[in-house]
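Data from protein_7.pdb: PDB, C-alpha atoms
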```pdb
ATOM      1  CA  MET A1281      19.961   1.394   0.892
ATOM      2  CA  LEU A1282      16.509   2.617  -0.128
ATOM      3  CA  PRO A1283      16.538   4.171  -3.639
ATOM      4  CA  SER A1284      15.193   7.719  -3.398
ATOM      5  CA  HIS A1285      14.812  10.986  -5.270
ATOM      6  CA  VAL A1286      14.277  14.475  -3.843
ATOM      7  CA  PHE A1287      12.463  17.010  -6.006
ATOM      8  CA  THR A1288      13.654  20.594  -5.863
ATOM      9  CA  ASP A1289      11.134  23.198  -4.760
ATOM     10  CA  VAL A1290      10.979  24.448  -8.342
ATOM     11  CA  GLU A1291      10.257  20.929  -9.651
ATOM     12  CA  ARG A1292       7.631  20.376  -6.940
ATOM     13  CA  ASP A1293       5.852  23.628  -7.736
ATOM     14  CA  GLU A1294       5.951  22.930 -11.469
ATOM     15  CA  LEU A1295       4.347  19.545 -10.829
ATOM     16  CA  ARG A1296       1.689  21.101  -8.587
ATOM     17  CA  THR A1297       0.782  23.591 -11.308
ATOM     18  CA  VAL A1298       0.434  20.851 -13.924
ATOM     19  CA  LEU A1299      -1.642  18.632 -11.631
ATOM     20  CA  GLY A1300      -3.860  21.565 -10.690
ATOM     21  CA  THR A1301      -5.161  21.679 -14.272
ATOM     22  CA  VAL A1302      -6.976  18.343 -13.799
ATOM     23  CA  GLY A1303     -10.654  19.181 -13.400
ATOM     24  CA  THR A1304     -12.326  15.765 -13.160
ATOM     25  CA  HIS A1305     -13.504  14.667  -9.697
ATOM     26  CA  PRO A1306     -11.457  11.599  -8.571
ATOM     27  CA  TYR A1307     -14.204  10.199  -6.329
ATOM     28  CA  ARG A1308     -17.264  10.864  -8.491
ATOM     29  CA  ASP A1309     -15.687   9.937 -11.840
ATOM     30  CA  PRO A1310     -12.602   7.724 -11.308
ATOM     31  CA  ILE A1311     -12.479   6.605 -14.945
ATOM     32  CA  GLY A1312     -12.582  10.170 -16.261
ATOM     33  CA  PHE A1313     -10.028  11.268 -13.670
ATOM     34  CA  SER A1314      -7.599   8.533 -14.716
ATOM     35  CA  GLN A1315      -8.055   9.405 -18.382
ATOM     36  CA  GLU A1316      -7.507  13.117 -17.813
ATOM     37  CA  VAL A1317      -4.314  12.468 -15.836
ATOM     38  CA  ALA A1318      -3.115  10.073 -18.559
ATOM     39  CA  GLY A1319      -3.616  12.914 -21.014
ATOM     40  CA  LEU A1320      -0.906  14.870 -19.203
ATOM     41  CA  VAL A1321       1.526  12.103 -20.109
ATOM     42  CA  ASP A1322       0.309  11.834 -23.692
ATOM     43  CA  ARG A1323       0.735  15.593 -24.264
ATOM     44  CA  GLY A1324       4.206  15.649 -22.711
ATOM     45  CA  ASP A1325       3.124  18.019 -19.931
ATOM     46  CA  VAL A1326       4.822  16.030 -17.139
ATOM     47  CA  PRO A1327       8.127  17.530 -15.939
ATOM     48  CA  ALA A1328      11.175  15.448 -16.811
ATOM     49  CA  ALA A1329      12.242  15.037 -13.171
ATOM     50  CA  LEU A1330       9.173  12.915 -12.370
ATOM     51  CA  VAL A1331       9.326  10.991 -15.639
ATOM     52  CA  ASP A1332      12.951  10.052 -14.954
ATOM     53  CA  ALA A1333      12.323   9.091 -11.313
ATOM     54  CA  ALA A1334       9.347   6.924 -12.278
ATOM     55  CA  GLU A1335      11.307   5.216 -15.051
ATOM     56  CA  ARG A1336      14.134   4.347 -12.645
ATOM     57  CA  THR A1337      11.571   2.898 -10.254
ATOM     58  CA  ARG A1338       9.970   0.839 -13.011
ATOM     59  CA  LYS A1339      13.317  -0.532 -14.201
ATOM     60  CA  ASP A1340      14.392  -1.438 -10.652
ATOM     61  CA  ARG A1341      11.154  -3.369 -10.177
ATOM     62  CA  THR A1342      11.443  -5.158 -13.502
ATOM     63  CA  SER A1343      15.048  -6.188 -12.894
ATOM     64  CA  GLY A1344      14.494  -7.084  -9.240
ATOM     65  CA  THR A1345      17.164  -4.567  -8.209
ATOM     66  CA  ALA A1346      14.866  -2.932  -5.631
ATOM     67  CA  PHE A1347      11.318  -3.462  -4.392
ATOM     68  CA  ALA A1348      10.841  -0.216  -2.409
ATOM     69  CA  HIS A1349      11.450   3.412  -3.433
ATOM     70  CA  ALA A1350      10.963   6.876  -1.941
ATOM     71  CA  LEU A1351      10.324  10.246  -3.593
ATOM     72  CA  ARG A1352      10.612  13.321  -1.362
ATOM     73  CA  ASN A1353       9.267  16.873  -1.594
ATOM     74  CA  CYS A1354       6.348  15.793  -3.776
ATOM     75  CA  PRO A1355       3.431  18.129  -4.609
ATOM     76  CA  LEU A1356       0.432  18.178  -2.263
ATOM     77  CA  ASP A1357      -2.718  20.247  -2.094
ATOM     78  CA  GLU A1358      -2.167  23.726  -0.670
ATOM     79  CA  ASP A1359      -4.750  23.060   2.054
ATOM     80  CA  ILE A1360      -4.493  19.782   3.992
ATOM     81  CA  PRO A1361      -7.542  19.611   6.279
ATOM     82  CA  LEU A1362      -7.501  18.112   9.764
ATOM     83  CA  LEU A1363      -9.934  15.211   9.470
ATOM     84  CA  ASP A1364     -12.578  14.174  11.986
ATOM     85  CA  GLN A1365     -11.427  10.695  12.993
ATOM     86  CA  GLU A1366     -14.904   9.529  13.883
ATOM     87  CA  ASP A1367     -15.632   9.390  10.118
ATOM     88  CA  PRO A1368     -12.589  10.692   8.218
ATOM     89  CA  LEU A1369     -13.878   9.655   4.790
ATOM     90  CA  THR A1370     -17.078  11.701   5.020
ATOM     91  CA  ASP A1371     -15.100  14.575   6.495
ATOM     92  CA  LYS A1372     -12.585  14.438   3.611
ATOM     93  CA  TYR A1373     -15.422  14.622   1.087
ATOM     94  CA  ALA A1374     -16.759  17.703   2.895
ATOM     95  CA  LYS A1375     -13.480  19.550   3.462
ATOM     96  CA  LYS A1376     -11.108  18.632   0.621
ATOM     97  CA  HIS A1377     -11.973  20.461  -2.588
ATOM     98  CA  THR A1378      -8.690  20.223  -4.534
ATOM     99  CA  TYR A1379      -7.128  17.003  -5.781
ATOM    100  CA  VAL A1380      -3.462  17.601  -6.471
ATOM    101  CA  SER A1381      -2.454  14.724  -4.180
ATOM    102  CA  GLU A1382      -4.812  12.290  -5.887
ATOM    103  CA  ALA A1383      -3.629  13.436  -9.305
ATOM    104  CA  PHE A1384       0.005  12.931  -8.301
ATOM    105  CA  LEU A1385      -0.690   9.360  -7.149
ATOM    106  CA  GLN A1386      -2.659   8.648 -10.328
ATOM    107  CA  LEU A1387       0.117  10.129 -12.472
ATOM    108  CA  PHE A1388       2.788   8.076 -10.719
ATOM    109  CA  GLY A1389       0.747   4.928 -11.409
ATOM    110  CA  HIS A1390       0.543   5.798 -15.100
ATOM    111  CA  LEU A1391       4.274   6.510 -15.360
ATOM    112  CA  VAL A1392       5.374   3.252 -13.697
ATOM    113  CA  ARG A1393       2.699   1.406 -15.749
ATOM    114  CA  THR A1394       0.864  -0.093 -12.778
ATOM    115  CA  PRO A1395      -2.943   0.284 -13.139
ATOM    116  CA  LEU A1396      -4.638   1.310  -9.897
ATOM    117  CA  MET A1397      -7.057  -0.999  -8.101
ATOM    118  CA  SER A1398      -9.639  -0.569  -5.353
ATOM    119  CA  TYR A1399     -12.018  -2.683  -3.292
ATOM    120  CA  GLY A1400     -15.698  -2.035  -3.881
ATOM    121  CA  THR A1401     -16.624  -2.982  -0.324
ATOM    122  CA  ARG A1402     -14.256  -0.439   1.240
ATOM    123  CA  PHE A1403     -14.369   3.356   1.269
ATOM    124  CA  ASN A1404     -17.102   3.481  -1.391
ATOM    125  CA  GLY A1405     -14.775   1.783  -3.858
ATOM    126  CA  ASP A1406     -12.451   4.821  -3.948
ATOM    127  CA  PHE A1407      -9.038   4.434  -5.558
ATOM    128  CA  PHE A1408      -7.488   6.972  -3.159
ATOM    129  CA  ILE A1409      -7.901   5.908   0.445
ATOM    130  CA  ASP A1410      -6.798   7.373   3.738
ATOM    131  CA  VAL A1411      -4.536   5.601   6.198
ATOM    132  CA  ILE A1412      -5.515   7.379   9.388
ATOM    133  CA  ALA A1413      -6.588   6.251  12.841
ATOM    134  CA  ILE A1414     -10.370   5.738  12.858
ATOM    135  CA  ASN A1415     -11.823   5.923  16.342
ATOM    136  CA  ARG A1416     -13.710   2.616  16.213
ATOM    137  CA  TYR A1417     -10.505   0.733  15.311
ATOM    138  CA  VAL A1418      -8.242   2.122  18.025
ATOM    139  CA  GLY A1419      -6.336  -0.732  19.626
ATOM    140  CA  LYS A1420      -7.215  -3.234  16.891
ATOM    141  CA  ALA A1421      -4.964  -5.013  14.381
ATOM    142  CA  THR A1422      -5.601  -2.858  11.330
ATOM    143  CA  GLY A1423      -3.857  -0.091   9.451
ATOM    144  CA  TYR A1424      -6.695   2.195  10.540
ATOM    145  CA  SER A1425      -5.713   2.044  14.206
ATOM    146  CA  ASP A1426      -3.242   4.300  16.003
ATOM    147  CA  GLY A1427      -0.926   1.409  16.860
ATOM    148  CA  GLU A1428       1.986  -0.455  15.368
ATOM    149  CA  LEU A1429       1.576  -3.100  12.677
ATOM    150  CA  ALA A1430       3.482  -6.391  12.475
ATOM    151  CA  PHE A1431       5.061  -7.334   9.148
ATOM    152  CA  HIS A1432       2.327  -8.177   6.667
ATOM    153  CA  ASN A1433       0.888  -7.852   3.188
ATOM    154  CA  ASP A1434      -2.223  -5.769   2.737
ATOM    155  CA  ARG A1435      -5.345  -7.899   2.224
ATOM    156  CA  THR A1436      -3.463 -11.159   2.764
ATOM    157  CA  ALA A1437      -6.602 -13.257   3.174
ATOM    158  CA  HIS A1438      -8.270 -11.938   0.015
ATOM    159  CA  PRO A1439      -8.122 -13.656  -3.398
ATOM    160  CA  VAL A1440      -7.219 -10.400  -5.210
ATOM    161  CA  ARG A1441      -4.224  -8.614  -3.711
ATOM    162  CA  ALA A1442      -2.375  -5.546  -4.896
ATOM    163  CA  ASP A1443       1.077  -6.024  -6.379
ATOM    164  CA  TYR A1444       2.180  -2.561  -5.254
ATOM    165  CA  ILE A1445       1.222  -0.076  -2.562
ATOM    166  CA  THR A1446       2.031   3.625  -2.715
ATOM    167  CA  LEU A1447       1.754   5.943   0.283
ATOM    168  CA  LEU A1448       1.820   9.746   0.170
ATOM    169  CA  GLY A1449       2.456  11.717   3.352
ATOM    170  CA  MET A1450      -0.393  14.209   3.803
ATOM    171  CA  ARG A1451      -0.087  15.021   7.522
ATOM    172  CA  CYS A1452       2.952  13.636   9.365
ATOM    173  CA  PRO A1453       3.639  15.261  12.753
ATOM    174  CA  GLU A1454       7.327  16.097  13.012
ATOM    175  CA  GLY A1455       7.553  15.562  16.772
ATOM    176  CA  ASP A1456       6.626  11.876  16.584
ATOM    177  CA  LEU A1457       8.750   9.207  14.906
ATOM    178  CA  THR A1458       6.817   6.571  12.956
ATOM    179  CA  TYR A1459       8.634   4.364  10.467
ATOM    180  CA  THR A1460       7.432   2.104   7.675
ATOM    181  CA  SER A1461       9.747  -0.886   7.243
ATOM    182  CA  PHE A1462      10.004  -3.234   4.274
ATOM    183  CA  VAL A1463      11.653  -6.620   3.704
ATOM    184  CA  SER A1464      11.586  -8.427   0.377
ATOM    185  CA  GLY A1465      10.454 -11.997  -0.089
ATOM    186  CA  LEU A1466      13.761 -12.674  -1.818
ATOM    187  CA  THR A1467      15.672 -11.627   1.312
ATOM    188  CA  LEU A1468      13.568 -13.951   3.480
ATOM    189  CA  LEU A1469      14.014 -16.897   1.113
ATOM    190  CA  GLU A1470      17.785 -16.500   1.217
ATOM    191  CA  MET A1471      17.662 -17.062   4.989
ATOM    192  CA  LEU A1472      15.680 -20.318   4.787
ATOM    193  CA  SER A1473      16.860 -23.850   4.003
ATOM    194  CA  GLU A1474      15.779 -25.611   0.821
ATOM    195  CA  LEU A1475      13.421 -27.856   2.792
ATOM    196  CA  GLU A1476      11.894 -24.905   4.671
ATOM    197  CA  GLN A1477      11.342 -23.067   1.413
ATOM    198  CA  LYS A1478       9.684 -26.127  -0.134
ATOM    199  CA  THR A1479       7.381 -26.573   2.851
ATOM    200  CA  LEU A1480       6.400 -22.900   2.894
ATOM    201  CA  ARG A1481       5.351 -23.228  -0.763
ATOM    202  CA  GLU A1482       2.764 -25.883   0.117
ATOM    203  CA  TRP A1483      -0.908 -25.139   0.812
ATOM    204  CA  TYR A1484      -0.483 -25.717   4.540
ATOM    205  CA  PHE A1485      -1.389 -22.261   5.903
ATOM    206  CA  TYR A1486      -4.307 -19.877   6.315
ATOM    207  CA  THR A1487      -4.855 -16.267   7.372
ATOM    208  CA  PRO A1488      -7.798 -14.683   9.235
ATOM    209  CA  PHE A1489      -9.494 -11.744   7.515
ATOM    210  CA  ASP A1490      -8.722  -8.358   9.033
ATOM    211  CA  VAL A1491     -11.237  -6.619  11.282
ATOM    212  CA  MET A1492     -12.269  -4.015   8.691
ATOM    213  CA  SER A1493     -12.921  -6.656   6.029
ATOM    214  CA  LYS A1494     -15.123  -8.572   8.465
ATOM    215  CA  ASP A1495     -16.974  -5.379   9.378
ATOM    216  CA  ASN A1496     -17.758  -4.769   5.700
ATOM    217  CA  ASN A1497     -18.637  -8.398   4.908
ATOM    218  CA  LYS A1498     -19.961 -10.466   7.818
ATOM    219  CA  SER A1499     -19.518 -13.717   5.863
ATOM    220  CA  LEU A1500     -15.704 -13.429   5.964
ATOM    221  CA  SER A1501     -13.779 -15.353   8.598
ATOM    222  CA  VAL A1502     -10.536 -16.955   7.417
ATOM    223  CA  SER A1503      -8.935 -17.490   4.025
ATOM    224  CA  ASP A1504      -8.776 -20.778   2.217
ATOM    225  CA  ASN A1505      -5.507 -22.646   2.734
ATOM    226  CA  HIS A1506      -2.646 -21.007   0.888
ATOM    227  CA  PRO A1507       1.145 -21.233   0.548
ATOM    228  CA  ILE A1508       3.260 -18.547   2.189
ATOM    229  CA  PHE A1509       5.710 -18.333  -0.736
ATOM    230  CA  TYR A1510       4.674 -18.604  -4.382
ATOM    231  CA  ASP A1511       6.008 -17.669  -7.832
ATOM    232  CA  ASP A1512       9.679 -16.654  -7.630
ATOM    233  CA  SER A1513       9.768 -14.714  -4.360
ATOM    234  CA  SER A1514       6.206 -13.573  -3.654
ATOM    235  CA  VAL A1515       5.002 -13.947  -0.088
ATOM    236  CA  ARG A1516       1.553 -14.119   1.535
ATOM    237  CA  TYR A1517       1.848 -13.660   5.270
ATOM    238  CA  VAL A1518       0.735 -11.639   8.309
ATOM    239  CA  ASP A1519       3.046 -12.053  11.284
ATOM    240  CA  THR A1520       1.210 -13.242  14.430
ATOM    241  CA  GLN A1521      -1.870 -14.168  12.355
ATOM    242  CA  THR A1522      -1.000 -16.460   9.433
ATOM    243  CA  THR A1523      -0.828 -19.938  10.916
ATOM    244  CA  VAL A1524      -0.714 -23.670  10.179
ATOM    245  CA  ALA A1525      -3.848 -25.461   8.959
ATOM    246  CA  PRO A1526      -5.138 -28.187  11.321
ATOM    247  CA  ASP A1527      -4.440 -30.963   8.809
ATOM    248  CA  ALA A1528      -0.930 -29.774   7.876
ATOM    249  CA  PRO A1529       2.059 -32.077   8.583
ATOM    250  CA  PRO A1530       4.422 -31.322  11.508
ATOM    251  CA  GLU A1531       7.095 -29.860   9.238
ATOM    252  CA  ALA A1532       4.722 -26.985   8.381
ATOM    253  CA  LYS A1533       4.943 -25.638  11.925
ATOM    254  CA  ASP A1534       8.732 -26.003  11.908
ATOM    255  CA  ALA A1535       8.952 -24.071   8.644
ATOM    256  CA  LEU A1536       6.685 -21.338   9.992
ATOM    257  CA  ILE A1537       8.936 -20.928  13.044
ATOM    258  CA  ALA A1538      11.957 -20.733  10.729
ATOM    259  CA  LEU A1539      10.232 -17.953   8.774
ATOM    260  CA  LYS A1540       9.506 -16.027  11.969
ATOM    261  CA  ASN A1541      13.174 -16.309  12.965
ATOM    262  CA  ALA A1542      14.276 -15.166   9.497
ATOM    263  CA  LEU A1543      11.949 -12.186   9.690
ATOM    264  CA  VAL A1544      13.594 -11.025  12.919
ATOM    265  CA  ARG A1545      17.121 -11.365  11.529
ATOM    266  CA  ALA A1546      16.576 -10.127   7.972
ATOM    267  CA  PRO A1547      17.975  -6.735   6.903
ATOM    268  CA  LYS A1548      15.162  -4.247   6.279
ATOM    269  CA  ALA A1549      14.615  -0.913   4.582
ATOM    270  CA  ARG A1550      13.170   1.586   7.078
ATOM    271  CA  HIS A1551      11.647   4.881   5.970
ATOM    272  CA  ARG A1552      10.081   7.698   7.952
ATOM    273  CA  ILE A1553       7.356   9.138   5.723
ATOM    274  CA  LEU A1554       7.375  12.940   5.952
ATOM    275  CA  GLU A1555       4.783  15.311   4.550
ATOM    276  CA  GLY A1556       5.231  15.288   0.790
ATOM    277  CA  ASP A1557       6.978  11.900   0.774
ATOM    278  CA  LEU A1558       5.874   9.181  -1.606
ATOM    279  CA  PHE A1559       6.860   5.694  -0.453
ATOM    280  CA  THR A1560       6.099   2.869  -2.880
ATOM    281  CA  PHE A1561       6.808  -0.829  -2.391
ATOM    282  CA  ALA A1562       5.886  -4.337  -3.473
ATOM    283  CA  ASN A1563       2.910  -5.749  -1.589
ATOM    284  CA  GLN A1564       3.221  -9.327  -2.856
ATOM    285  CA  ASP A1565       7.004  -9.482  -3.225
ATOM    286  CA  GLY A1566       7.650  -8.351   0.338
ATOM    287  CA  LEU A1567       6.274  -7.514   3.770
ATOM    288  CA  HIS A1568       5.900  -4.139   5.463
ATOM    289  CA  SER A1569       5.276  -2.915   8.999
ATOM    290  CA  ARG A1570       4.579   0.234  11.012
ATOM    291  CA  GLU A1571       6.871   1.031  13.937
ATOM    292  CA  HIS A1572       6.472   3.721  16.575
ATOM    293  CA  ILE A1573      10.017   4.726  17.466
ATOM    294  CA  GLU A1574       9.196   7.764  19.596
ATOM    295  CA  ILE A1575       5.708   9.105  20.277
ATOM    296  CA  ASN A1576       5.845  12.299  22.302
ATOM    297  CA  ASP A1577       2.219  13.364  21.862
ATOM    298  CA  PRO A1578      -0.170  10.411  21.280
ATOM    299  CA  ALA A1579      -3.119  12.677  20.437
ATOM    300  CA  ARG A1580      -1.058  14.462  17.799
ATOM    301  CA  ALA A1581       0.505  11.260  16.475
ATOM    302  CA  ARG A1582      -2.875   9.687  15.767
ATOM    303  CA  THR A1583      -3.684  12.506  13.316
ATOM    304  CA  ARG A1584      -1.025  11.096  10.957
ATOM    305  CA  TRP A1585      -2.623  10.840   7.516
ATOM    306  CA  LEU A1586      -1.230   9.003   4.524
ATOM    307  CA  MET A1587      -3.064   8.744   1.215
ATOM    308  CA  LYS A1588      -2.744   5.266  -0.287
ATOM    309  CA  THR A1589      -3.226   3.571  -3.640
ATOM    310  CA  TYR A1590      -3.197  -0.098  -4.575
ATOM    311  CA  ALA A1591      -1.905  -1.154  -7.993
ATOM    312  CA  PHE A1592      -1.544  -4.180 -10.250
ATOM    313  CA  ARG A1593       1.895  -5.216 -11.492
ATOM    314  CA  ASP A1594       1.039  -4.296 -15.069
ATOM    315  CA  ARG A1595      -1.875  -4.179 -17.501
ATOM    316  CA  ALA A1596      -1.763  -7.940 -18.084
ATOM    317  CA  ALA A1597      -2.060  -8.592 -14.329
ATOM    318  CA  ALA A1598      -5.067  -6.269 -14.144
ATOM    319  CA  ASP A1599      -6.738  -7.872 -17.158
ATOM    320  CA  ARG A1600      -6.659 -11.286 -15.469
ATOM    321  CA  PHE A1601      -9.271  -9.975 -13.026
ATOM    322  CA  ALA A1602     -11.483  -8.208 -15.562
ATOM    323  CA  ASP A1603     -14.365 -10.563 -14.779
ATOM    324  CA  ARG A1604     -14.377  -9.191 -11.213
ATOM    325  CA  TRP A1605     -14.769  -5.492 -12.037
ATOM    326  CA  MET A1606     -17.573  -3.899 -10.011
ATOM    327  CA  ASP A1607     -19.941  -1.225 -11.353
ATOM    328  CA  GLY A1608     -18.144  -1.377 -14.706
ATOM    329  CA  VAL A1609     -15.083   0.349 -13.212
ATOM    330  CA  PRO A1610     -11.782  -1.261 -14.326
ATOM    331  CA  GLY A1611      -9.621  -2.079 -11.299
ATOM    332  CA  ARG A1612     -12.466  -2.064  -8.751
ATOM    333  CA  VAL A1613     -12.838  -5.568  -7.322
ATOM    334  CA  GLY A1614     -14.965  -7.229  -4.652
ATOM    335  CA  ASP A1615     -14.013  -9.554  -1.818
TER     336      ASP A1615
END
```
Would you mind writing the file out in structure tokens?
Amino acid sequence: MLPSHVFTDVERDELRTVLGTVGTHPYRDPIGFSQEVAGLVDRGDVPAALVDAAERTRKDRTSGTAFAHALRNCPLDEDIPLLDQEDPLTDKYAKKHTYVSEAFLQLFGHLVRTPLMSYGTRFNGDFFIDVIAINRYVGKATGYSDGELAFHNDRTAHPVRADYITLLGMRCPEGDLTYTSFVSGLTLLEMLSELEQKTLREWYFYTPFDVMSKDNNKSLSVSDNHPIFYDDSSVRYVDTQTTVAPDAPPEAKDALIALKNALVRAPKARHRILEGDLFTFANQDGLHSREHIEINDPARARTRWLMKTYAFRDRAAADRFADRWMDGVPGRVGD
């Protein structure tokens, strides 16, 4: 069962009031914004309900008890604009003038001790990005389409990958049922034989870069060879795309088929993100997907808007990539 916490309306409104005191612009001054939000923690201004929920999440992650968590009835901005999906980022800059949602995501990152990260070649290097259907990606295999997504990690082909992803429901049409599903790497490993596990830990596989990455950097094509499982139970895989390297031995293909079978059979956590829901999960210690269960109005469904952050596992994990920081901004990396 997915661990979750539901804030009362009083707790939500108290949080919104506290977050509304943050005056730094999250997109123009991300360092100052992070520092100002951290000051809320240092001064003890954060309501106990959020502190307790974040601490339970952090302990579950550390102990391996759970890799995905949901918080419901979270604070959002009073006005959630309807974004132009031809260029939603530019439209957000023009229409969104309060930053409660961004402050909440930043605050959650501070409380669970996972420093935020961003990619300098995407969305102007912003730390708060929008998962919404962009017109030019309709029908393509990317999170910025209006379609389903097979089980995957975000940025699988890239050398620097987030340890955690957090999604906040900004606009989630009630008449259409879209679910985010999660399965842990540990669950998948338990369904594989010892030989299959060993083979999947070899550097026999590669993954093509996603369409948006290739649009932003024309030199990208496919990743270097990589294992699918590494460390204790971390996984690097995009279903239907990660495949066997040409020079890999025959057992690599057999192990890949075994993984695909395990992925179908494995028990999964499934969560429908509602407006005001925060859904946070391990990006490297599991796989996630997007499922359309019932779409009654496709035009309405494609306006679904989630705000997303990437995060490192902890400060030590972030510091290992300090030589990659772009523009002097800690956490902002390149391709």
Would you write out, as a PyMOL selection string, every residue that the PyMOL selection byres ((chain A and resi 1491) around 10) captures in this file?
chain A and resi 1417+1420-1422+1424+1488-1490+1492-1497+1500-1501
If you count only C-alpha atoms, which residues fall within 12 Å of Thr1345 in chain A, apart from same-chain ones fewer than 4 positions away, as a PyMOL selection string?
chain A and resi 1281-1283+1336-1341+1349+1464+1466-1467
How about saving the chosen residues, C-alpha atoms kept, as a PDB file, keeping the file's coordinate frame?
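Resulting contents of result32.pdb:
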```pdb
ATOM      1  CA  MET A1281      19.961   1.394   0.892  1.00  0.00           C
ATOM      2  CA  LEU A1282      16.509   2.617  -0.128  1.00  0.00           C
ATOM      3  CA  PRO A1283      16.538   4.171  -3.639  1.00  0.00           C
ATOM      4  CA  ARG A1336      14.134   4.347 -12.645  1.00  0.00           C
ATOM      5  CA  THR A1337      11.571   2.898 -10.254  1.00  0.00           C
ATOM      6  CA  ARG A1338       9.970   0.839 -13.011  1.00  0.00           C
ATOM      7  CA  LYS A1339      13.317  -0.532 -14.201  1.00  0.00           C
ATOM      8  CA  ASP A1340      14.392  -1.438 -10.652  1.00  0.00           C
ATOM      9  CA  ARG A1341      11.154  -3.369 -10.177  1.00  0.00           C
ATOM     10  CA  HIS A1349      11.450   3.412  -3.433  1.00  0.00           C
ATOM     11  CA  SER A1464      11.586  -8.427   0.377  1.00  0.00           C
ATOM     12  CA  LEU A1466      13.761 -12.674  -1.818  1.00  0.00           C
ATOM     13  CA  THR A1467      15.672 -11.627   1.312  1.00  0.00           C
TER      14      THR A1467
END
```
Test item: axis-aligned box, all listed atoms of range 1514-1523 of chain A, 3 Å on each side, centre and edges in Å rounded to one decimal, as lines of an AutoDock Vina configuration file:
```
center_x = 2.2
center_y = -15.8
center_z = 5.4
size_x = 14.1
size_y = 14.3
size_z = 24.1
```
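The protein and nucleic acid residues lying at most 8 Å from Asp1426 in chain A are Ile1412, Ala1413, Ile1414, Val1418, Gly1419, Ala1581 and Arg1582 of chain A, with all atoms listed in the file considered and sequence neighbours fewer than 5 positions away removed.
With all atoms listed in the file as the atoms that count, the minimum distance from Asp1594 in chain A to the choices A:Leu1362, A:Val1326, A:Ala1334, A:Leu1396 is reached by A:Leu1396.
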Determine, counting all atoms listed in the file, which protein, DNA and RNA residues have an atom within 9 Å of an atom of Asp1293 in chain A; residues of the same chain fewer than 5 positions away are not included. Present the result as a ChimeraX atom specification.
/A:1288,1298,1354-1355
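With all atoms listed in the file as the basis for measurement, A:Gly1455 is the residue among A:Tyr1379, A:Ala1318, A:Gly1455, A:Phe1408 that approaches Asp1577 in chain A most closely.
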Going by the chain IDs and residue numbers used in this file, which residues fall under the PyMOL selection byres ((chain A and resi 1596-1601) around 12)? Write them as a PyMOL selection string.
chain A and resi 1393-1398+1439-1444+1590-1595+1602-1606+1609-1614
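When the PyMOL selection byres ((chain A and resi 1479-1483) around 7) is evaluated on the file shown here, the picked residues come out as Leu1475, Glu1476, Gln1477, Lys1478, Tyr1484, Phe1485, Asn1505, His1506, Pro1507, Ile1508, Phe1509, Tyr1510, Ala1532 and Ala1535 of chain A.
Excluding Thr1301 in chain A itself and any same-chain residue fewer than 5 positions from it, the protein and nucleic acid residues within 10 Å of it, counting only C-alpha atoms, are Arg1296, Glu1316, Val1317, Leu1320, Tyr1379, Val1380 and Ala1383 of chain A.
Compared by their closest atoms to Leu1468 in chain A, and using all atoms listed in the file, the residues A:Ala1562, A:Ala1542, A:Cys1452, A:Met1587 rank with A:Ala1542 nearest.
The interatomic distance for the pair CA of Ile1553 in chain A and CA of Arg1402 in chain A works out to 24.1 Å.
If you look at CA of Ser1284 in chain A and CA of Asp1359 in chain A, they are 25.7 Å away from each other.
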Within 8 Å of Ala1348 in chain A using all atoms listed in the file, minus same-chain residues under 2 positions, as an mmCIF file with C-alpha atoms, keeping the file's coordinate frame:
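Contents of the output file result25.cif:
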```cif
data_model
loop_
_atom_site.group_PDB
_atom_site.id
_atom_site.type_symbol
_atom_site.label_atom_id
_atom_site.label_comp_id
_atom_site.auth_asym_id
_atom_site.auth_seq_id
_atom_site.Cartn_x
_atom_site.Cartn_y
_atom_site.Cartn_z
ATOM 1 C CA LEU A 1282 16.509 2.617 -0.128
ATOM 2 C CA PRO A 1283 16.538 4.171 -3.639
ATOM 3 C CA ALA A 1346 14.866 -2.932 -5.631
ATOM 4 C CA ALA A 1350 10.963 6.876 -1.941
ATOM 5 C CA PHE A 1462 10.004 -3.234 4.274
ATOM 6 C CA ALA A 1549 14.615 -0.913 4.582
ATOM 7 C CA PHE A 1559 6.860 5.694 -0.453
ATOM 8 C CA THR A 1560 6.099 2.869 -2.880
ATOM 9 C CA PHE A 1561 6.808 -0.829 -2.391
ATOM 10 C CA ALA A 1562 5.886 -4.337 -3.473
#
```
Neighbourhood query: residues within 12 Å of (7.9, 3.2, 13.2), file coordinates, counting all atoms listed in the file; return as a list in words.
Asp1426, Gly1427, Glu1428, Leu1429, Ala1430, Phe1431, Asp1456, Leu1457, Thr1458, Tyr1459, Thr1460, Ser1461, Phe1462, Ala1549, Arg1550, His1551, Arg1552, Ile1553, His1568, Ser1569, Arg1570, Glu1571, His1572, Ile1573, Glu1574, Ile1575 and Ala1581 of chain A
Nearest to Thr1378 in chain A: which of A:His1390, A:Arg1323, A:Arg1545, A:His1305 is it, counting all atoms listed in the file?
A:His1305
Please list, as a PyMOL selection string, the residues that have an atom at most 10 Å away from (14.0, 15.7, -13.0) in the coordinates of this file, counting only C-alpha atoms.
chain A and resi 1285-1288+1291-1292+1327-1334
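Compared by their closest atoms to Glu1335 in chain A, and using all atoms listed in the file, the residues A:Gly1389, A:Gly1312, A:Gly1608, A:Pro1578 rank with A:Gly1389 nearest.
Here CA of Tyr1486 in chain A and CA of Leu1567 in chain A stand 16.5 Å from one another.
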